[in-house]
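K.L.:
Pasting final.tsv below, which is TSV, C-alpha atoms and all ligand atoms.
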chain	number	residue	atom	x	y	z
A	1	MET	CA	-3.44	-2.95	-27.88
A	2	LYS	CA	-2.67	0.75	-27.34
A	3	GLU	CA	-4.65	2.51	-24.63
A	4	LYS	CA	-6.92	5.32	-25.85
A	5	ASN	CA	-5.90	8.84	-24.92
A	6	SER	CA	-9.10	9.77	-23.09
A	7	LYS	CA	-9.03	12.72	-20.71
A	8	ILE	CA	-11.16	13.54	-17.69
A	9	ASN	CA	-11.47	16.52	-15.36
A	10	ILE	CA	-9.66	16.55	-12.03
A	11	ASP	CA	-11.27	17.52	-8.79
A	12	PHE	CA	-8.66	20.09	-7.68
A	13	ASN	CA	-8.96	21.82	-4.34
A	14	TYR	CA	-7.83	25.47	-4.88
A	15	LEU	CA	-6.85	26.95	-1.50
A	16	GLN	CA	-6.19	30.46	-0.26
A	17	PRO	CA	-2.50	31.24	0.45
A	18	ASP	CA	-2.97	31.41	4.25
A	19	GLU	CA	-4.66	28.05	4.29
A	20	MET	CA	-1.91	26.61	2.08
A	21	ILE	CA	0.81	27.88	4.38
A	22	GLU	CA	-0.99	26.49	7.41
A	23	ARG	CA	-1.43	23.09	5.78
A	24	ALA	CA	2.15	22.96	4.51
A	25	LYS	CA	3.43	23.79	8.01
A	26	LYS	CA	1.20	21.19	9.66
A	27	PHE	CA	2.31	18.54	7.20
A	28	TYR	CA	5.94	19.37	7.81
A	29	GLN	CA	5.37	19.07	11.57
A	30	LEU	CA	3.74	15.70	11.04
A	31	VAL	CA	6.51	14.23	8.92
A	32	ASN	CA	9.25	15.83	10.99
A	33	SER	CA	8.09	13.75	13.95
A	34	ARG	CA	8.86	10.54	12.05
A	35	ARG	CA	11.89	8.56	13.14
A	36	SER	CA	13.13	5.20	11.94
A	37	VAL	CA	12.94	2.82	14.88
A	38	ARG	CA	14.62	-0.53	15.42
A	39	ASP	CA	12.80	-1.77	18.51
A	40	PHE	CA	9.21	-2.82	17.90
A	41	GLU	CA	6.39	-4.10	20.07
A	42	SER	CA	4.85	-7.32	18.78
A	43	ARG	CA	1.34	-5.86	19.27
A	44	GLY	CA	-0.78	-6.38	16.19
A	45	ILE	CA	-2.15	-3.73	13.86
A	46	PRO	CA	-5.50	-3.81	12.06
A	47	LYS	CA	-4.89	-5.13	8.55
A	48	GLU	CA	-7.20	-2.43	7.24
A	49	VAL	CA	-4.69	0.26	8.23
A	50	ILE	CA	-2.01	-1.45	6.18
A	51	GLN	CA	-4.40	-1.86	3.26
A	52	HIS	CA	-5.29	1.85	3.20
A	53	CYS	CA	-1.62	2.83	3.43
A	54	LEU	CA	-0.81	0.53	0.52
A	55	ARG	CA	-3.59	2.12	-1.50
A	56	ALA	CA	-2.00	5.49	-0.71
A	57	ALA	CA	1.38	4.18	-1.91
A	58	GLY	CA	-0.25	3.03	-5.13
A	59	THR	CA	-1.28	6.60	-5.95
A	60	ALA	CA	2.35	7.48	-6.68
A	61	PRO	CA	3.18	8.83	-10.11
A	62	SER	CA	5.10	6.30	-12.20
A	63	GLY	CA	6.85	6.11	-15.55
A	64	ALA	CA	4.21	5.68	-18.29
A	65	ASN	CA	1.78	4.93	-15.45
A	66	ARG	CA	3.05	1.36	-15.29
A	67	GLN	CA	2.79	1.28	-11.48
A	68	PRO	CA	5.78	-1.05	-11.41
A	69	TRP	CA	5.55	-2.07	-7.76
A	70	HIS	CA	4.55	-5.05	-5.72
A	71	PHE	CA	4.10	-4.99	-1.95
A	72	ALA	CA	4.43	-8.35	-0.22
A	73	VAL	CA	2.86	-8.02	3.22
A	74	ILE	CA	4.03	-10.52	5.80
A	75	SER	CA	2.48	-11.20	9.19
A	76	ASN	CA	2.99	-14.97	9.28
A	77	PRO	CA	5.58	-15.66	12.04
A	78	LEU	CA	7.13	-18.57	10.14
A	79	ILE	CA	7.79	-16.43	7.07
A	80	LYS	CA	9.10	-13.59	9.25
A	81	LYS	CA	11.51	-16.08	10.85
A	82	GLN	CA	12.74	-17.20	7.41
A	83	ILE	CA	13.24	-13.58	6.37
A	84	ARG	CA	15.15	-12.83	9.56
A	85	GLU	CA	17.40	-15.83	9.01
A	86	GLY	CA	18.05	-14.88	5.37
A	87	ALA	CA	18.73	-11.25	6.25
A	88	GLU	CA	21.02	-12.07	9.16
A	89	LEU	CA	23.10	-14.40	6.99
A	90	GLU	CA	23.69	-11.60	4.48
A	91	GLU	CA	24.24	-9.02	7.20
A	92	GLN	CA	26.83	-11.17	8.99
A	93	GLU	CA	28.81	-11.22	5.75
A	94	PHE	CA	28.27	-7.50	5.30
A	95	TYR	CA	29.47	-6.47	8.74
A	96	ALA	CA	32.29	-9.06	8.92
A	97	SER	CA	33.83	-8.61	5.49
A	98	ARG	CA	31.74	-7.18	2.68
A	99	ALA	CA	31.43	-3.61	3.97
A	100	PRO	CA	34.46	-1.38	3.41
A	101	GLN	CA	35.74	0.45	6.50
A	102	ASP	CA	34.39	3.84	5.39
A	103	TRP	CA	30.89	2.35	5.19
A	104	LEU	CA	31.19	0.81	8.66
A	105	ASP	CA	32.42	4.18	9.96
A	106	ALA	CA	29.39	5.91	8.40
A	107	LEU	CA	27.06	3.41	10.10
A	108	ALA	CA	28.71	3.61	13.53
A	109	PRO	CA	26.50	6.49	14.80
A	110	LEU	CA	23.39	4.38	14.05
A	111	GLY	CA	24.63	1.50	16.20
A	112	THR	CA	23.47	-1.15	13.72
A	113	ASP	CA	24.84	-4.68	13.56
A	114	ALA	CA	24.07	-8.03	11.94
A	115	LYS	CA	21.32	-8.92	14.41
A	116	LYS	CA	17.85	-8.12	13.09
A	117	PRO	CA	15.35	-9.22	15.78
A	118	PHE	CA	12.85	-6.62	14.57
A	119	LEU	CA	12.23	-8.80	11.51
A	120	GLU	CA	10.45	-11.24	13.84
A	121	HIS	CA	9.17	-8.88	16.54
A	122	ALA	CA	7.33	-6.36	14.37
A	123	PRO	CA	3.75	-7.32	13.44
A	124	TYR	CA	4.21	-6.56	9.74
A	125	LEU	CA	6.99	-6.64	7.18
A	126	ILE	CA	6.30	-5.14	3.79
A	127	VAL	CA	8.76	-6.21	1.13
A	128	ILE	CA	8.78	-3.70	-1.70
A	129	PHE	CA	9.53	-5.11	-5.13
A	130	ALA	CA	10.30	-3.14	-8.29
A	131	GLU	CA	9.00	-4.69	-11.50
A	132	LYS	CA	11.53	-4.32	-14.29
A	133	TYR	CA	8.91	-5.82	-16.60
A	134	SER	CA	5.15	-6.19	-16.48
A	135	MET	CA	3.05	-8.65	-18.42
A	136	ASP	CA	0.54	-7.15	-20.83
A	137	ALA	CA	-2.95	-8.52	-21.53
A	138	LYS	CA	-1.45	-11.05	-23.97
A	139	ASN	CA	1.11	-12.19	-21.39
A	140	LYS	CA	3.87	-10.47	-23.35
A	141	LYS	CA	6.82	-8.90	-21.53
A	142	GLN	CA	6.45	-5.15	-21.35
A	143	LYS	CA	9.37	-2.97	-20.28
A	144	ASN	CA	8.74	-0.52	-17.46
A	145	TYR	CA	10.30	2.95	-17.20
A	146	TYR	CA	11.90	4.91	-14.37
A	147	VAL	CA	11.26	1.92	-12.18
A	148	THR	CA	13.49	2.83	-9.24
A	149	GLU	CA	12.23	6.41	-9.21
A	150	SER	CA	8.61	5.30	-9.37
A	151	VAL	CA	8.94	2.71	-6.63
A	152	GLY	CA	10.97	5.15	-4.53
A	153	ILE	CA	8.14	7.66	-4.66
A	154	ALA	CA	5.57	4.98	-3.80
A	155	THR	CA	7.71	3.88	-0.87
A	156	GLY	CA	7.94	7.46	0.40
A	157	LEU	CA	4.18	7.72	0.28
A	158	LEU	CA	3.84	4.40	2.10
A	159	ILE	CA	6.19	5.47	4.89
A	160	THR	CA	4.36	8.78	5.20
A	161	ALA	CA	0.93	7.13	5.20
A	162	LEU	CA	1.99	4.65	7.90
A	163	HIS	CA	3.45	7.43	9.99
A	164	GLY	CA	0.27	9.46	9.52
A	165	ALA	CA	-1.73	6.45	10.71
A	166	GLY	CA	0.29	6.37	13.93
A	167	LEU	CA	2.77	3.63	13.09
A	168	ALA	CA	6.53	3.44	13.12
A	169	THR	CA	8.64	2.06	10.30
A	170	LEU	CA	12.17	1.01	9.53
A	171	THR	CA	13.57	0.82	6.02
A	172	HIS	CA	15.79	-2.23	6.09
A	173	THR	CA	18.04	-3.16	3.18
A	174	PRO	CA	19.94	-6.39	3.63
A	175	ALA	CA	22.16	-6.84	0.58
A	176	PRO	CA	21.85	-8.81	-1.59
A	177	MET	CA	18.11	-9.34	-1.25
A	178	LYS	CA	17.36	-12.05	-3.81
A	179	PHE	CA	16.60	-14.48	-0.97
A	180	LEU	CA	13.31	-12.59	-0.62
A	181	ASN	CA	12.15	-13.66	-4.11
A	182	GLN	CA	12.67	-17.25	-3.08
A	183	ILE	CA	10.96	-17.05	0.31
A	184	LEU	CA	8.00	-15.09	-1.08
A	185	GLY	CA	7.75	-16.88	-4.44
A	186	ARG	CA	8.06	-13.66	-6.43
A	187	PRO	CA	9.19	-13.76	-10.09
A	188	GLN	CA	12.77	-12.96	-11.09
A	189	ALA	CA	11.59	-9.82	-12.96
A	190	GLU	CA	10.85	-8.33	-9.55
A	191	LYS	CA	13.75	-6.77	-7.71
A	192	PRO	CA	13.39	-6.44	-3.95
A	193	LEU	CA	14.24	-2.83	-3.05
A	194	MET	CA	13.76	-2.90	0.68
A	195	ILE	CA	11.93	-4.36	3.62
A	196	LEU	CA	9.69	-1.92	5.44
A	197	VAL	CA	9.32	-3.00	9.05
A	198	VAL	CA	6.02	-1.77	10.50
A	199	GLY	CA	4.65	-1.61	14.02
A	200	TYR	CA	4.56	0.30	17.28
A	201	PRO	CA	7.88	1.32	18.78
A	202	GLU	CA	8.73	-0.33	22.08
A	203	LYS	CA	7.93	1.97	25.00
A	204	ASP	CA	11.61	2.61	25.79
A	205	ALA	CA	12.81	2.52	22.17
A	206	LYS	CA	15.80	4.78	21.62
A	207	VAL	CA	16.80	6.35	18.32
A	208	PRO	CA	20.15	7.87	17.35
A	209	ALA	CA	20.52	11.59	18.10
A	210	ILE	CA	20.75	12.65	14.47
A	211	LYS	CA	19.90	16.00	12.94
A	212	ARG	CA	18.11	16.86	9.74
A	213	LYS	CA	19.83	19.29	7.40
A	214	ASP	CA	18.55	22.83	7.46
A	215	LEU	CA	16.50	24.04	4.49
A	216	SER	CA	19.38	26.32	3.45
A	217	GLU	CA	21.63	23.27	3.12
A	218	VAL	CA	19.30	21.28	0.91
A	219	ALA	CA	17.51	23.86	-1.20
A	220	SER	CA	18.44	26.77	-3.42
A	221	PHE	CA	15.94	29.23	-4.81
A	222	HIS	CA	16.62	30.65	-8.28
B	1	LIG	N1	22.00	-3.22	5.56
B	1	LIG	C1	22.74	-3.06	6.78
B	1	LIG	C2	23.62	-1.88	6.80
B	1	LIG	C3	23.01	-0.54	6.77
B	1	LIG	C4	23.29	0.30	5.73
B	1	LIG	C5	22.84	1.58	5.71
B	1	LIG	I1	23.41	2.82	4.22
B	1	LIG	C6	22.03	2.07	6.76
B	1	LIG	O1	21.55	3.37	6.76
B	1	LIG	C7	21.75	1.23	7.83
B	1	LIG	C8	22.23	-0.09	7.81
B	1	LIG	C9	21.79	-3.10	7.99
B	1	LIG	O2	20.58	-3.00	7.81
B	1	LIG	O3	22.27	-3.21	9.12
Mind turning the file's structure into structure tokens?
Ligand code: IYR

P.N.:
Amino acid sequence: MKEKNSKINIDFNYLQPDEMIERAKKFYQLVNSRRSVRDFESRGIPKEVIQHCLRAAGTAPSGANRQPWHFAVISNPLIKKQIREGAELEEQEFYASRAPQDWLDALAPLGTDAKKPFLEHAPYLIVIFAEKYSMDAKNKKQKNYYVTESVGIATGLLITALHGAGLATLTHTPAPMKFLNQILGRPQAEKPLMILVVGYPEKDAKVPAIKRKDLSEVASFH
């Protein structure tokens, strides 16, 4: 059945320019303090924080409003162990033979390798799945649109929400990732896009000394 085209008013907050500039600057300062970390404390996090952040992620715009995402949230140590084992198997292959030299050279400044202890140490892993298809009310396959874009936006919101809540994240992408469908019992129509590792950074956690591009390098005004 086709959904009715019914429209409602939005509750838009019109701000004065000064206030807008102040808010935009503050938000930039907040997100600019985010760094991907690889060393996590095992200290737990209230589940409610994760739930609110996932709700925030679910507000992302999506193609035809299909909301083609699924977030599998893992805190069970046995499942985390399985995920670590699966990821490390793939990563060993990647670092030993699958990755071409130019890719390994590009990764060298990050100091990454096939060992992924954070997959067990961090209190939460969120595996983000993209749904190529959804099932409609009659259990009929329904194609989704702009799936990667939509799930990418939702993931950005999730990372930002978690950072705003005072948590650190790491986007981890072992490749291939199909082992995650098996461990988590997710359908084949769902493609794992990444694992978001969530927790507090270890007290002495170090991050690579990388720089963000200047605005002039990433934007042009026409
Ligand atoms: N998936 C590997 C390799 C890796 C690839 C990129 I591109 C990175 O920015 C970081 C790592 C790993 O997680 O180690």

K.L.:
Using all atoms listed in the file for the distances, tell me which of A:Leu162, A:Ala72, A:Ile126, A:Ile183 is nearest to A:Tyr200.

P.N.:
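Result for the nearest residue to A:Tyr200: A:Leu162.
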
K.L.:
Considering only C-alpha atoms and all ligand atoms, give me a table of residues in chain A that are at most 8 Å from ligand LIG 1 (chain B), with the closest atom pair and distance in Å for each, as JSON lines.

P.N.:
{"residue": "A:Glu91", "atom": "CA", "partner": "B:LIG1", "partner_atom": "C1", "distance": 6.2}
{"residue": "A:Phe94", "atom": "CA", "partner": "B:LIG1", "partner_atom": "C1", "distance": 7.2}
{"residue": "A:Tyr95", "atom": "CA", "partner": "B:LIG1", "partner_atom": "C2", "distance": 7.7}
{"residue": "A:Trp103", "atom": "CA", "partner": "B:LIG1", "partner_atom": "I1", "distance": 7.6}
{"residue": "A:Ala106", "atom": "CA", "partner": "B:LIG1", "partner_atom": "I1", "distance": 7.9}
{"residue": "A:Leu107", "atom": "CA", "partner": "B:LIG1", "partner_atom": "C7", "distance": 6.2}
{"residue": "A:Leu110", "atom": "CA", "partner": "B:LIG1", "partner_atom": "C7", "distance": 7.2}
{"residue": "A:Thr112", "atom": "CA", "partner": "B:LIG1", "partner_atom": "O3", "distance": 5.2}
{"residue": "A:Asp113", "atom": "CA", "partner": "B:LIG1", "partner_atom": "O3", "distance": 5.3}
{"residue": "A:Ala114", "atom": "CA", "partner": "B:LIG1", "partner_atom": "O3", "distance": 5.9}
{"residue": "A:Lys115", "atom": "CA", "partner": "B:LIG1", "partner_atom": "O3", "distance": 7.8}
{"residue": "A:Lys116", "atom": "CA", "partner": "B:LIG1", "partner_atom": "O3", "distance": 7.7}
{"residue": "A:His172", "atom": "CA", "partner": "B:LIG1", "partner_atom": "O2", "distance": 5.1}
{"residue": "A:Thr173", "atom": "CA", "partner": "B:LIG1", "partner_atom": "N1", "distance": 4.6}
{"residue": "A:Pro174", "atom": "CA", "partner": "B:LIG1", "partner_atom": "N1", "distance": 4.2}
{"residue": "A:Ala175", "atom": "CA", "partner": "B:LIG1", "partner_atom": "N1", "distance": 6.2}

K.L.:
Measure the distance from atom CA of A:Ile159 to atom CA of A:Glu217 in Å and round it to one decimal.

P.N.:
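Result for atom CA of A:Ile159 versus atom CA of A:Glu217: 23.6 Å, one decimal.
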
K.L.:
Using only C-alpha atoms, can you tell me which of A:Leu158, A:Pro187, A:Ile45, A:Gly111 comes closest to A:Pro208?

P.N.:
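Smallest separation from A:Pro208 among the options: A:Gly111.
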
K.L.:
Name all residues at most 10 Å from A:Gln82 (count all atoms listed in the file; drop same-chain ones fewer than 6 positions away) and give them as a PyMOL selection string.

P.N.:
chain A and resi 88+119-120+179-180+183-184

K.L.:
As an exercise, work out the distance from atom CA of A:Leu54 to atom CA of A:Thr148 in Å and give it to one decimal place.

P.N.:
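One can read the atom CA of A:Leu54 to atom CA of A:Thr148 distance as 17.5 Å.
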
K.L.:
Would you please work out which residue, of A:Ala96, A:Leu196, A:Val127, A:Ile74, is nearest to A:Thr160 when using all atoms listed in the file?

P.N.:
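Between A:Ala96, A:Leu196, A:Val127, A:Ile74, the residue approaching A:Thr160 most closely is A:Leu196.
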
K.L.:
Around (9.5, -2.5, -8.4), as given in the file, which residues come within 9 Å? Count all atoms listed in the file and list them as a PyMOL selection string.

P.N.:
chain A and resi 67-71+128-133+147-148+150-152+189-193

K.L.:
Expressed in Å to a single decimal, how great is the separation between atom CA of A:Gln188 and atom CA of A:Lys80?

P.N.:
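Between atom CA of A:Gln188 and atom CA of A:Lys80 the gap is 20.7 Å.
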
K.L.:
So, counting all atoms listed in the file, which residue among A:Asn9, A:Thr59, A:Gln101, A:Ser42 is closest to A:Pro117?

P.N.:
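Answer, going by the shortest atom-to-atom distance: A:Ser42.
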
K.L.:
Pull the neighbourhood of (4.1, -11.0, 8.1) for me: all residues within 8 Å in file coordinates, counting only C-alpha atoms, as a compact mmCIF listing (two decimals) with C-alpha atoms, in the coordinates of the input.

P.N.:
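The new file selection_12.txt reads:
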# COMPACT_ATOMS: atom_id res chain seq x y z
CA VAL A 73 2.86 -8.02 3.22
CA ILE A 74 4.03 -10.52 5.80
CA SER A 75 2.48 -11.20 9.19
CA ASN A 76 2.99 -14.97 9.28
CA PRO A 77 5.58 -15.66 12.04
CA ILE A 79 7.79 -16.43 7.07
CA LYS A 80 9.10 -13.59 9.25
CA PRO A 123 3.75 -7.32 13.44
CA TYR A 124 4.21 -6.56 9.74
CA LEU A 125 6.99 -6.64 7.18
CA ILE A 126 6.30 -5.14 3.79

K.L.:
Looking at A:Val198, A:Ala165, A:Val31, A:Met20, which one is nearest to A:Arg43, with distances taken over only C-alpha atoms?

P.N.:
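Nearest candidate to A:Arg43 out of A:Val198, A:Ala165, A:Val31, A:Met20: A:Val198.
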
K.L.:
Pick from A:Gly164, A:Pro176, A:Gly44, A:Gly86: nearest to A:Met194, with all atoms listed in the file counted?

P.N.:
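Closest to A:Met194, using all atoms listed in the file: A:Pro176.
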
K.L.:
Starting from the incomplete input, reconstruct all heavy atoms of stretch 157-168 of chain A and write that as a PDB file, in the coordinates of the input.

P.N.:
ATOM      1  N   LEU A 157       5.594   7.538  -0.075  1.00  0.00           N
ATOM      2  CA  LEU A 157       4.180   7.720   0.280  1.00  0.00           C
ATOM      3  C   LEU A 157       3.744   6.688   1.317  1.00  0.00           C
ATOM      4  O   LEU A 157       3.008   7.009   2.256  1.00  0.00           O
ATOM      5  CB  LEU A 157       3.304   7.583  -0.972  1.00  0.00           C
ATOM      6  CG  LEU A 157       3.149   8.833  -1.824  1.00  0.00           C
ATOM      7  CD1 LEU A 157       2.448   8.489  -3.134  1.00  0.00           C
ATOM      8  CD2 LEU A 157       2.345   9.898  -1.077  1.00  0.00           C
ATOM      9  N   LEU A 158       4.222   5.474   1.155  1.00  0.00           N
ATOM     10  CA  LEU A 158       3.840   4.400   2.100  1.00  0.00           C
ATOM     11  C   LEU A 158       4.347   4.722   3.505  1.00  0.00           C
ATOM     12  O   LEU A 158       3.607   4.620   4.489  1.00  0.00           O
ATOM     13  CB  LEU A 158       4.393   3.062   1.591  1.00  0.00           C
ATOM     14  CG  LEU A 158       4.115   1.834   2.449  1.00  0.00           C
ATOM     15  CD1 LEU A 158       2.625   1.630   2.675  1.00  0.00           C
ATOM     16  CD2 LEU A 158       4.725   0.584   1.812  1.00  0.00           C
ATOM     17  N   ILE A 159       5.605   5.124   3.581  1.00  0.00           N
ATOM     18  CA  ILE A 159       6.190   5.470   4.890  1.00  0.00           C
ATOM     19  C   ILE A 159       5.407   6.617   5.521  1.00  0.00           C
ATOM     20  O   ILE A 159       5.082   6.602   6.710  1.00  0.00           O
ATOM     21  CB  ILE A 159       7.683   5.846   4.719  1.00  0.00           C
ATOM     22  CG1 ILE A 159       8.492   4.613   4.296  1.00  0.00           C
ATOM     23  CG2 ILE A 159       8.249   6.456   5.998  1.00  0.00           C
ATOM     24  CD1 ILE A 159       9.912   4.928   3.835  1.00  0.00           C
ATOM     25  N   THR A 160       5.080   7.604   4.706  1.00  0.00           N
ATOM     26  CA  THR A 160       4.360   8.780   5.200  1.00  0.00           C
ATOM     27  C   THR A 160       2.944   8.398   5.646  1.00  0.00           C
ATOM     28  O   THR A 160       2.466   8.849   6.691  1.00  0.00           O
ATOM     29  CB  THR A 160       4.297   9.857   4.095  1.00  0.00           C
ATOM     30  OG1 THR A 160       5.625  10.078   3.624  1.00  0.00           O
ATOM     31  CG2 THR A 160       3.744  11.165   4.616  1.00  0.00           C
ATOM     32  N   ALA A 161       2.286   7.560   4.854  1.00  0.00           N
ATOM     33  CA  ALA A 161       0.930   7.130   5.200  1.00  0.00           C
ATOM     34  C   ALA A 161       0.933   6.338   6.511  1.00  0.00           C
ATOM     35  O   ALA A 161       0.078   6.545   7.378  1.00  0.00           O
ATOM     36  CB  ALA A 161       0.339   6.281   4.073  1.00  0.00           C
ATOM     37  N   LEU A 162       1.914   5.458   6.664  1.00  0.00           N
ATOM     38  CA  LEU A 162       1.990   4.650   7.900  1.00  0.00           C
ATOM     39  C   LEU A 162       2.265   5.536   9.098  1.00  0.00           C
ATOM     40  O   LEU A 162       1.665   5.385  10.166  1.00  0.00           O
ATOM     41  CB  LEU A 162       3.077   3.571   7.746  1.00  0.00           C
ATOM     42  CG  LEU A 162       2.731   2.432   6.770  1.00  0.00           C
ATOM     43  CD1 LEU A 162       3.989   1.674   6.362  1.00  0.00           C
ATOM     44  CD2 LEU A 162       1.702   1.479   7.379  1.00  0.00           C
ATOM     45  N   HIS A 163       3.154   6.493   8.908  1.00  0.00           N
ATOM     46  CA  HIS A 163       3.450   7.430   9.990  1.00  0.00           C
ATOM     47  C   HIS A 163       2.193   8.230  10.341  1.00  0.00           C
ATOM     48  O   HIS A 163       1.849   8.402  11.515  1.00  0.00           O
ATOM     49  CB  HIS A 163       4.591   8.363   9.569  1.00  0.00           C
ATOM     50  CG  HIS A 163       4.867   9.451  10.547  1.00  0.00           C
ATOM     51  ND1 HIS A 163       5.409   9.206  11.792  1.00  0.00           N
ATOM     52  CD2 HIS A 163       4.664  10.791  10.494  1.00  0.00           C
ATOM     53  CE1 HIS A 163       5.525  10.344  12.448  1.00  0.00           C
ATOM     54  NE2 HIS A 163       5.086  11.322  11.682  1.00  0.00           N
ATOM     55  N   GLY A 164       1.500   8.698   9.314  1.00  0.00           N
ATOM     56  CA  GLY A 164       0.270   9.460   9.520  1.00  0.00           C
ATOM     57  C   GLY A 164      -0.793   8.645  10.253  1.00  0.00           C
ATOM     58  O   GLY A 164      -1.627   9.191  10.969  1.00  0.00           O
ATOM     59  N   ALA A 165      -0.748   7.323  10.056  1.00  0.00           N
ATOM     60  CA  ALA A 165      -1.730   6.450  10.710  1.00  0.00           C
ATOM     61  C   ALA A 165      -1.302   6.087  12.127  1.00  0.00           C
ATOM     62  O   ALA A 165      -1.991   5.331  12.813  1.00  0.00           O
ATOM     63  CB  ALA A 165      -1.907   5.179   9.877  1.00  0.00           C
ATOM     64  N   GLY A 166      -0.142   6.604  12.549  1.00  0.00           N
ATOM     65  CA  GLY A 166       0.290   6.370  13.930  1.00  0.00           C
ATOM     66  C   GLY A 166       1.198   5.163  14.094  1.00  0.00           C
ATOM     67  O   GLY A 166       1.289   4.594  15.177  1.00  0.00           O
ATOM     68  N   LEU A 167       1.874   4.785  13.013  1.00  0.00           N
ATOM     69  CA  LEU A 167       2.770   3.630  13.090  1.00  0.00           C
ATOM     70  C   LEU A 167       4.211   4.024  12.835  1.00  0.00           C
ATOM     71  O   LEU A 167       4.478   5.034  12.167  1.00  0.00           O
ATOM     72  CB  LEU A 167       2.337   2.567  12.075  1.00  0.00           C
ATOM     73  CG  LEU A 167       0.988   1.929  12.380  1.00  0.00           C
ATOM     74  CD1 LEU A 167       0.498   1.112  11.206  1.00  0.00           C
ATOM     75  CD2 LEU A 167       1.097   1.067  13.639  1.00  0.00           C
ATOM     76  N   ALA A 168       5.106   3.203  13.345  1.00  0.00           N
ATOM     77  CA  ALA A 168       6.530   3.440  13.120  1.00  0.00           C
ATOM     78  C   ALA A 168       7.033   2.486  12.042  1.00  0.00           C
ATOM     79  O   ALA A 168       6.458   1.403  11.842  1.00  0.00           O
ATOM     80  CB  ALA A 168       7.314   3.214  14.409  1.00  0.00           C
TER      81      ALA A 168
END
